[in-house]
2 protein chains.
Amino acid sequence: MSACFTLILAGGGGTRLWPVSRRARPKQLLTLGGEETLLGATFRRSVDLVGLQNSLIVTAADQAEAIRVAIPQLPADNLIVEPAARNTAAAVALGAAAVARRAGNSARVAVLPSDAFIGNEPGFLAAAKLALDHATDSIVTIGLRPSSPETGYGYIRLGKSLATDVSEVFSFVEKPDEATAVRYVAEGYLWNAGMFFMSCAKLFEEANQHMPQLGRVVKELLSAPNFQTAAQQHYQSSPKVSIDVGIMEKATGLRVVAAEFGWNDVGSWAAMPAVRAPSAEGNVAVGEHVAVNAHNNIVFSETGAPLIALCDVDDLVVVATADAILVTRRDKSQNVRSVVDALAKQGREDLL
Amino acid sequence: MSACFTLILAGGGGTRLWPVSRRARPKQLLTLGGEETLLGATFRRSVDLVGLQNSLIVTAADQAEAIRVAIPQLPADNLIVEPAARNTAAAVALGAAAVARRAGNSARVAVLPSDAFIGNEPGFLAAAKLALDHATDSIVTIGLRPSSPETGYGYIRLGKSLATDVSEVFSFVEKPDEATAVRYVAEGYLWNAGMFFMSCAKLFEEANQHMPQLGRVVKELLSAPNFQTAAQQHYQSSPKVSIDVGIMEKATGLRVVAAEFGWNDVGSWAAMPAVRAPSAEGNVAVGEHVAVNAHNNIVFSETGAPLIALCDVDDLVVVATADAILVTRRDKSQNVRSVVDALAKQGREDLL
C-alpha cells in the first residue's frame, strides 16, 4: 500500500469572524475559546491519520512564521510555502509535488482545510481512512450528512452506491437558497467539506487534462534539481483557480464517503453553538461576561478584552477584542463583511 | 438686595450610566462626549448666575479630591465637604450654614444638582434669576414644562398663578406610571428638576419646624467659633433625609417658576438624544464607531475604549469602556442597575 500524506491548506485570510479574525490572524489560528487553534486541532488529527512526518502544511509566505509558531512540532520540510497566492488548485499541486518528490507519484494525499471544527474526531478518522482506502485510482471526497438545510455550504449530489457509505459523485452543486437547501436535504445530498483524497499521479493527470498550464508547472516542480528554486521560478505562472472549480467539478469517476462527525466550517459567528455548548438560557459565551435576562446570544470576549454585559437582549452576536467590538444579529452575522468594508473605506487598516 | 450664592450638590455616586459611571467616577464628572463635565457646566452657569466667589460645591469626603481636580478654579473655601453621608437635607443645611456665616442669614442660596444637562443656558439663567428674585421670603423651585410624559421624573402640581411664569406650588407628586404621566402633562404639571431657591433664614426656619434635629445641628454650625470643627462634631447627628422629603414636601408657601431650557437629568443612557444630536439614521454616537444598516441606537465608546461596530441592529444601547461593555435595549436601559448588582454578587469590585 502506498504512503499517505496530508496537505493541510492554511493560507486563507478571511474576515468572517471579525473582529477576532484579522488579516494577520486568520481563522485557522483562532482557538474560539478552546485550548487549541483550529489549525492545531487539524494538525493533531493529521498526525493521528498519517503520522507527524507525513503531515504537511501549505501556506502563504506572509503566514509562514505564524504557522511555525502555532505548530512548533511541524518538521521544517513539511511547511510548504507558496511563492505567490495562486488559489487552491495550485497550492494543492505544489504540496502534492513536494510529496511525490519524497514518496513517488503513487503516494496518496488527504487535502484538508485547516479552519473547520470537528466535534467527533474518531468519526473523522474513520471516514478519512475509508476515503484514503478508496483513493488509489479515484479522487475521493467526504460528504457530511446534513443536520440542517444550511445555505452556507456547497452540496454533493450522490450517484450510484459502491459500498457502505461510499458512492459515486453525481455532481457538486453550489450554495443553495433556503428552499433548495430543504430539497437537497430531503433528497439525500451531502455537505461538501472541501476534503479531497487522491494519489499524486491522479491529481497530476487531472491537472494535465483540465488545467494544462498547472500541469506544466507540476512537471517543472517534479523534474527540477531543487524544489524551492523551481517553485520560485515557475509557481507564479499557475492559474488562480480553486481546486473545486479547476479540477473537482471537471474530473470524472469521483467518489464520496458519507459521514457525520460534528463538522462545521465556522463560516460566521452564528456557527458558535456548533463549537461551544450553549447555557440554559441559550447563550453561547466565551470569555468574561454577565447576562441578565438575555437569551440565545453569542457572546465572545477575547482574553484581555473588556467584560461584556448583556441586559434584556436576545438573539444578538456581541464580540469584543481589545480594539474593536462587533454587535450584530445572530441571523445576520454573515454581514460582518460589510463592517470590514466600511472600516477599509475609512482607512482603518489597524482594525482589518 | 441680599447676596446670592449657589450650593451645587455634587456628592452622588450612581451607576445609572454604567459602565462609564462608576463609584469613583460619578455622573457629574462625565463629559458624555462633550468638552466639559456635567459638573463643570453647572459650575460655569453658577459663575454666570452669582459669580465665582459665591459659587459653592457641597460634596462627600471621598469625592473632594476629584472635585478639586475637575474644578481647579473653585476657591478653596467654597468646597464644603460633608463629614459623613447624611443625604441632601443635611448637605443643603451644611452649605447654607457656611453661606450664612459668610454673608448673614438673609443671603439667598440656589440649590442646584450637579449632574443635569441644560441645553439652553440663557433660558436657565433667566429662570434662575426670576427664582432668586422671588426667594426673599418663600422657597422657590423651578418647574420644567414637559416635552413628553416622562415616568422617570417627579412632577409639580401648580396652585394659584402669581405673576408671569410664577405660581404657587400646590404639591410635589412622585414619579408617575405612564397613564398618570400623560394626564399630568395634559393638566399642566411641571417636571421637578430638584432646584431650590431660598434665603438661609427661610431654610433654617423650615428645618427647625420639620427637622428639629437638623435645626439643632444648624445652630451649632452657626454659633461655633470654627465651622470645620463644628461640622466634624455635630454633622453626623443629622437625620438621613432628602431635602425633598424632609423639607419641600412639608413647607408651605412654596412658589414655582415655570420654564423650559432643554433640561434633562440624564438618568439613563436612553437620555442621550437629549444631550447629543442623532445622525440621519437616528443613531446617537459618541466616540469611535461604525454603523452599517443600524438605526436609532445609542453608541458610546469612551476615549481609549474599543471601536464599536454595529451591523443590522436597531434600538440598542452599546456602551464601551476599556474594561466593560454594556449591550441593552434602549427602552430597557434603566435596568443597568441589575447588571451592576450581578457584578457585585460576582465580587467584581473592579467594575463597580
# chains A, B, ... in the order shown; residues from 1 in each chain; ligands from 1
$ interface_residues --of "chain B" --to "chain A" --cutoff "10 Å" --atoms "only C-alpha atoms" --output "ChimeraX atom specification"
/B:19,288-294,301,304-314,316-333,335-340,342-343,346,351
$ residues_around --residues "Arg45 of chain B" --least-positions-apart "4" --cutoff "9 Å" --atoms "only C-alpha atoms" --output "ChimeraX atom specification"
/B:40-41,49-50,121,124-125
$ closest_residue --among "A:Val111, A:Val81, A:Leu39, A:Ala93" --to "Val69 of chain A" --atoms "only C-alpha atoms"
A:Leu39
$ closest_residue --among "A:Pro83, A:Pro212, A:Ala344, A:Ile71" --to "Thr229 of chain A" --atoms "only C-alpha atoms"
A:Pro83
$ closest_residue --among "A:Val109, A:Gly253, A:Lys129, A:Pro72" --to "Leu158 of chain A" --atoms "only C-alpha atoms"
A:Gly253
$ atom_distance --atom1 "atom CA of Pro273 of chain B" --atom2 "atom CA of Val299 of chain B"
10.7 Å
$ atom_distance --atom1 "atom CA of Pro146 of chain B" --atom2 "atom CA of Glu249 of chain B"
20.8 Å
$ residues_around --residues "Asn208 of chain B" --least-positions-apart "2" --cutoff "12 Å" --atoms "only C-alpha atoms" --output "ChimeraX atom specification"
/B:93,201-206,210-219,246-247,251
$ write_last_selection --atoms "all heavy atoms" --output "compact mmCIF listing (two decimals), in the first residue's frame"
# COMPACT_ATOMS: atom_id res chain seq x y z
N ALA B 93 -28.27 72.15 54.33
CA ALA B 93 -28.16 72.92 55.57
C ALA B 93 -26.70 73.24 55.87
O ALA B 93 -26.37 74.36 56.31
CB ALA B 93 -28.79 72.13 56.73
N ALA B 201 -32.19 82.09 56.08
CA ALA B 201 -33.12 82.22 57.21
C ALA B 201 -34.34 81.33 57.00
O ALA B 201 -34.80 80.63 57.92
CB ALA B 201 -33.55 83.69 57.36
N LYS B 202 -34.88 81.36 55.78
CA LYS B 202 -36.08 80.57 55.48
C LYS B 202 -35.78 79.08 55.61
O LYS B 202 -36.56 78.31 56.18
CB LYS B 202 -36.55 80.91 54.06
CG LYS B 202 -37.76 80.13 53.59
CD LYS B 202 -39.03 80.53 54.34
CE LYS B 202 -40.25 79.80 53.80
NZ LYS B 202 -41.42 80.03 54.69
N LEU B 203 -34.62 78.68 55.10
CA LEU B 203 -34.25 77.26 55.18
C LEU B 203 -34.13 76.82 56.64
O LEU B 203 -34.66 75.78 57.05
CB LEU B 203 -32.93 77.01 54.46
CG LEU B 203 -32.40 75.57 54.61
CD1 LEU B 203 -33.26 74.59 53.83
CD2 LEU B 203 -30.95 75.46 54.17
N PHE B 204 -33.45 77.65 57.44
CA PHE B 204 -33.24 77.27 58.85
C PHE B 204 -34.57 77.21 59.59
O PHE B 204 -34.79 76.33 60.43
CB PHE B 204 -32.28 78.26 59.52
CG PHE B 204 -30.91 78.33 58.86
CD1 PHE B 204 -30.14 79.50 58.93
CD2 PHE B 204 -30.39 77.25 58.15
CE1 PHE B 204 -28.90 79.57 58.34
CE2 PHE B 204 -29.14 77.32 57.54
CZ PHE B 204 -28.40 78.49 57.63
N GLU B 205 -35.46 78.14 59.27
CA GLU B 205 -36.79 78.17 59.89
C GLU B 205 -37.56 76.88 59.57
O GLU B 205 -38.15 76.25 60.44
CB GLU B 205 -37.52 79.41 59.34
CG GLU B 205 -38.91 79.64 59.83
CD GLU B 205 -39.57 80.75 58.98
OE1 GLU B 205 -38.90 81.78 58.69
OE2 GLU B 205 -40.74 80.57 58.59
N GLU B 206 -37.52 76.48 58.30
CA GLU B 206 -38.22 75.25 57.89
C GLU B 206 -37.57 74.03 58.53
O GLU B 206 -38.24 73.08 58.92
CB GLU B 206 -38.22 75.11 56.36
CG GLU B 206 -38.97 76.21 55.63
CD GLU B 206 -40.50 76.14 55.82
OE1 GLU B 206 -41.02 75.07 56.23
OE2 GLU B 206 -41.16 77.17 55.57
N HIS B 210 -39.60 71.34 60.69
CA HIS B 210 -39.89 69.99 60.17
C HIS B 210 -38.80 68.97 60.47
O HIS B 210 -39.03 67.78 60.39
CB HIS B 210 -40.12 70.05 58.65
CG HIS B 210 -41.17 71.02 58.26
ND1 HIS B 210 -42.50 70.86 58.61
CD2 HIS B 210 -41.10 72.20 57.57
CE1 HIS B 210 -43.21 71.89 58.14
NE2 HIS B 210 -42.38 72.72 57.51
N MET B 211 -37.58 69.45 60.76
CA MET B 211 -36.48 68.54 61.05
C MET B 211 -35.71 69.11 62.23
O MET B 211 -34.56 69.56 62.09
CB MET B 211 -35.55 68.41 59.83
CG MET B 211 -36.25 67.87 58.58
SD MET B 211 -35.10 67.74 57.17
CE MET B 211 -34.05 66.38 57.68
N PRO B 212 -36.33 69.10 63.43
CA PRO B 212 -35.73 69.82 64.57
C PRO B 212 -34.31 69.36 64.89
O PRO B 212 -33.48 70.19 65.30
CB PRO B 212 -36.71 69.52 65.73
CG PRO B 212 -37.60 68.43 65.24
CD PRO B 212 -37.63 68.50 63.76
N GLN B 213 -34.00 68.11 64.70
CA GLN B 213 -32.63 67.66 64.96
C GLN B 213 -31.66 68.36 64.01
O GLN B 213 -30.57 68.78 64.42
CB GLN B 213 -32.54 66.13 64.83
CG GLN B 213 -31.13 65.55 64.99
CD GLN B 213 -30.48 65.94 66.32
OE1 GLN B 213 -31.15 66.21 67.33
NE2 GLN B 213 -29.15 66.02 66.31
N LEU B 214 -32.07 68.49 62.73
CA LEU B 214 -31.22 69.21 61.77
C LEU B 214 -31.12 70.68 62.17
O LEU B 214 -30.06 71.30 62.07
CB LEU B 214 -31.77 69.07 60.35
CG LEU B 214 -30.92 69.73 59.24
CD1 LEU B 214 -29.51 69.14 59.20
CD2 LEU B 214 -31.61 69.58 57.88
N GLY B 215 -32.24 71.23 62.70
CA GLY B 215 -32.22 72.61 63.18
C GLY B 215 -31.16 72.79 64.27
O GLY B 215 -30.44 73.81 64.29
N ARG B 216 -31.05 71.81 65.18
CA ARG B 216 -30.05 71.91 66.25
C ARG B 216 -28.63 71.88 65.69
O ARG B 216 -27.74 72.60 66.13
CB ARG B 216 -30.26 70.78 67.27
CG ARG B 216 -31.44 71.01 68.21
CD ARG B 216 -31.53 69.99 69.33
NE ARG B 216 -32.06 68.71 68.89
CZ ARG B 216 -33.38 68.45 68.78
NH1 ARG B 216 -34.28 69.38 69.07
NH2 ARG B 216 -33.78 67.26 68.39
N VAL B 217 -28.42 71.00 64.67
CA VAL B 217 -27.10 70.95 64.03
C VAL B 217 -26.76 72.31 63.43
O VAL B 217 -25.65 72.83 63.58
CB VAL B 217 -27.06 69.84 62.96
CG1 VAL B 217 -25.76 69.92 62.15
CG2 VAL B 217 -27.22 68.47 63.60
N VAL B 218 -27.75 72.92 62.75
CA VAL B 218 -27.52 74.22 62.13
C VAL B 218 -27.10 75.25 63.18
O VAL B 218 -26.17 76.03 62.96
CB VAL B 218 -28.77 74.70 61.35
CG1 VAL B 218 -28.65 76.17 60.95
CG2 VAL B 218 -29.00 73.82 60.11
N LYS B 219 -27.79 75.25 64.32
CA LYS B 219 -27.45 76.21 65.39
C LYS B 219 -25.99 76.07 65.79
O LYS B 219 -25.27 77.05 65.98
CB LYS B 219 -28.35 75.99 66.61
CG LYS B 219 -29.63 76.79 66.54
CD LYS B 219 -30.36 76.84 67.89
CE LYS B 219 -31.77 77.35 67.69
NZ LYS B 219 -32.64 76.35 66.98
N GLY B 246 -37.77 65.83 53.43
CA GLY B 246 -37.64 66.42 54.76
C GLY B 246 -38.19 67.83 54.86
O GLY B 246 -38.73 68.22 55.90
N ILE B 247 -38.10 68.58 53.80
CA ILE B 247 -38.50 69.99 53.87
C ILE B 247 -39.49 70.38 52.80
O ILE B 247 -40.57 70.91 53.09
CB ILE B 247 -37.24 70.90 53.82
CG1 ILE B 247 -36.44 70.68 55.12
CG2 ILE B 247 -37.63 72.37 53.64
CD1 ILE B 247 -35.21 71.53 55.26
N ALA B 251 -43.02 72.05 53.69
CA ALA B 251 -43.05 73.51 53.79
C ALA B 251 -44.30 74.05 53.10
O ALA B 251 -44.85 73.42 52.21
CB ALA B 251 -41.80 74.09 53.13
$ select_by_dssp --residues "segment 312-348 of chain B" --states "strand (DSSP E or B)" --output "PDB file with C-alpha atoms, in the first residue's frame"
ATOM      1  CA  ASP B 314     -31.790  48.849  15.854  1.00  0.00           C
ATOM      2  CA  LEU B 316     -29.930  49.215  21.191  1.00  0.00           C
ATOM      3  CA  VAL B 317     -27.655  50.847  23.738  1.00  0.00           C
ATOM      4  CA  VAL B 318     -23.999  49.842  23.333  1.00  0.00           C
ATOM      5  CA  VAL B 319     -21.507  51.444  25.703  1.00  0.00           C
ATOM      6  CA  ALA B 320     -17.822  50.569  25.909  1.00  0.00           C
ATOM      7  CA  ALA B 324     -16.534  46.706  30.303  1.00  0.00           C
ATOM      8  CA  ILE B 325     -19.161  46.760  27.576  1.00  0.00           C
ATOM      9  CA  LEU B 326     -22.896  47.192  28.101  1.00  0.00           C
ATOM     10  CA  VAL B 327     -25.357  45.936  25.497  1.00  0.00           C
ATOM     11  CA  THR B 328     -29.006  46.542  26.284  1.00  0.00           C
ATOM     12  CA  ARG B 329     -32.235  47.757  24.712  1.00  0.00           C
TER      13      ARG B 329
END
$ residues_around --residues "segment 196-199 of chain B" --least-positions-apart "3" --cutoff "8 Å" --atoms "only C-alpha atoms" --output "ChimeraX atom specification"
/B:105-112,131-132,135-142,202-203
$ write_last_selection --atoms "C-alpha atoms" --output "compact mmCIF listing (two decimals), in the first residue's frame"
# COMPACT_ATOMS: atom_id res chain seq x y z
CA ASN B 105 -28.98 84.79 57.23
CA SER B 106 -30.61 86.97 54.62
CA ALA B 107 -28.27 85.65 51.93
CA ARG B 108 -30.12 83.58 49.37
CA VAL B 109 -28.98 80.25 48.01
CA ALA B 110 -29.74 78.45 44.78
CA VAL B 111 -29.54 74.71 45.39
CA LEU B 112 -28.52 73.07 42.11
CA ALA B 131 -36.49 82.32 41.09
CA LEU B 132 -33.91 84.20 43.20
CA ALA B 135 -36.84 83.81 47.06
CA THR B 136 -36.68 86.59 49.65
CA ASP B 137 -39.45 85.18 51.85
CA SER B 138 -40.51 81.97 50.09
CA ILE B 139 -38.88 78.81 48.92
CA VAL B 140 -38.95 78.84 45.13
CA THR B 141 -38.41 75.92 42.80
CA ILE B 142 -38.14 75.67 39.03
CA LYS B 202 -36.08 80.57 55.48
CA LEU B 203 -34.25 77.26 55.18
$ closest_residue --among "A:Ala97, A:Thr42, A:Leu254, A:Gly347" --to "Ser223 of chain A" --atoms "only C-alpha atoms"
A:Ala97
$ select_by_dssp --residues "segment 167-223 of chain A" --states "alpha helix (DSSP H)" --output "PyMOL selection string"
chain A and resi 178-186+200-210+212-223
$ atom_distance --atom1 "atom CA of Pro176 of chain A" --atom2 "atom CA of Met195 of chain A"
19.6 Å
$ residues_around --residues "Lys175 of chain A" --least-positions-apart "6" --cutoff "10 Å" --atoms "only C-alpha atoms" --output "list in words"
Glu150, Thr151, Gly152, Tyr153, Gly154, Tyr155, Ala181, Trp191 and Asn192 of chain A
$ write_last_selection --atoms "N, CA and C atoms" --output "PDB file, in the first residue's frame"
ATOM      1  N   GLU A 150     -28.545  23.972   5.552  1.00  0.00           N
ATOM      2  CA  GLU A 150     -27.646  25.132   5.532  1.00  0.00           C
ATOM      3  C   GLU A 150     -27.574  25.743   4.128  1.00  0.00           C
ATOM      4  N   THR A 151     -27.600  27.062   4.077  1.00  0.00           N
ATOM      5  CA  THR A 151     -27.432  27.738   2.789  1.00  0.00           C
ATOM      6  C   THR A 151     -25.990  28.198   2.593  1.00  0.00           C
ATOM      7  N   GLY A 152     -25.175  28.028   3.607  1.00  0.00           N
ATOM      8  CA  GLY A 152     -23.793  28.497   3.521  1.00  0.00           C
ATOM      9  C   GLY A 152     -22.807  27.461   2.997  1.00  0.00           C
ATOM     10  N   TYR A 153     -23.274  26.274   2.699  1.00  0.00           N
ATOM     11  CA  TYR A 153     -22.382  25.208   2.222  1.00  0.00           C
ATOM     12  C   TYR A 153     -22.731  24.804   0.802  1.00  0.00           C
ATOM     13  N   GLY A 154     -21.722  24.326   0.058  1.00  0.00           N
ATOM     14  CA  GLY A 154     -21.992  23.619  -1.178  1.00  0.00           C
ATOM     15  C   GLY A 154     -22.444  22.196  -0.853  1.00  0.00           C
ATOM     16  N   TYR A 155     -23.150  21.560  -1.807  1.00  0.00           N
ATOM     17  CA  TYR A 155     -23.674  20.212  -1.577  1.00  0.00           C
ATOM     18  C   TYR A 155     -23.115  19.238  -2.620  1.00  0.00           C
ATOM     19  N   ALA A 181     -32.146  24.268  -0.403  1.00  0.00           N
ATOM     20  CA  ALA A 181     -31.411  23.536   0.631  1.00  0.00           C
ATOM     21  C   ALA A 181     -32.309  22.493   1.294  1.00  0.00           C
ATOM     22  N   TRP A 191     -23.236  17.661   2.550  1.00  0.00           N
ATOM     23  CA  TRP A 191     -22.432  18.882   2.570  1.00  0.00           C
ATOM     24  C   TRP A 191     -21.034  18.593   2.021  1.00  0.00           C
ATOM     25  N   ASN A 192     -20.550  19.522   1.229  1.00  0.00           N
ATOM     26  CA  ASN A 192     -19.177  19.440   0.710  1.00  0.00           C
ATOM     27  C   ASN A 192     -18.239  20.119   1.693  1.00  0.00           C
TER      28      ASN A 192
END
$ residues_around --residues "Gly11 of chain B" --least-positions-apart "5" --cutoff "7 Å" --atoms "only C-alpha atoms" --output "VMD selection string"
chain B and resid 58 to 60 63
$ residues_around --residues "Ser21 of chain B" --least-positions-apart "2" --cutoff "12 Å" --atoms "only C-alpha atoms" --output "VMD selection string"
chain B and resid 12 to 19 23 to 32 115 266 to 269 302 319 to 321 324 326 336 to 337 340 351 to 352
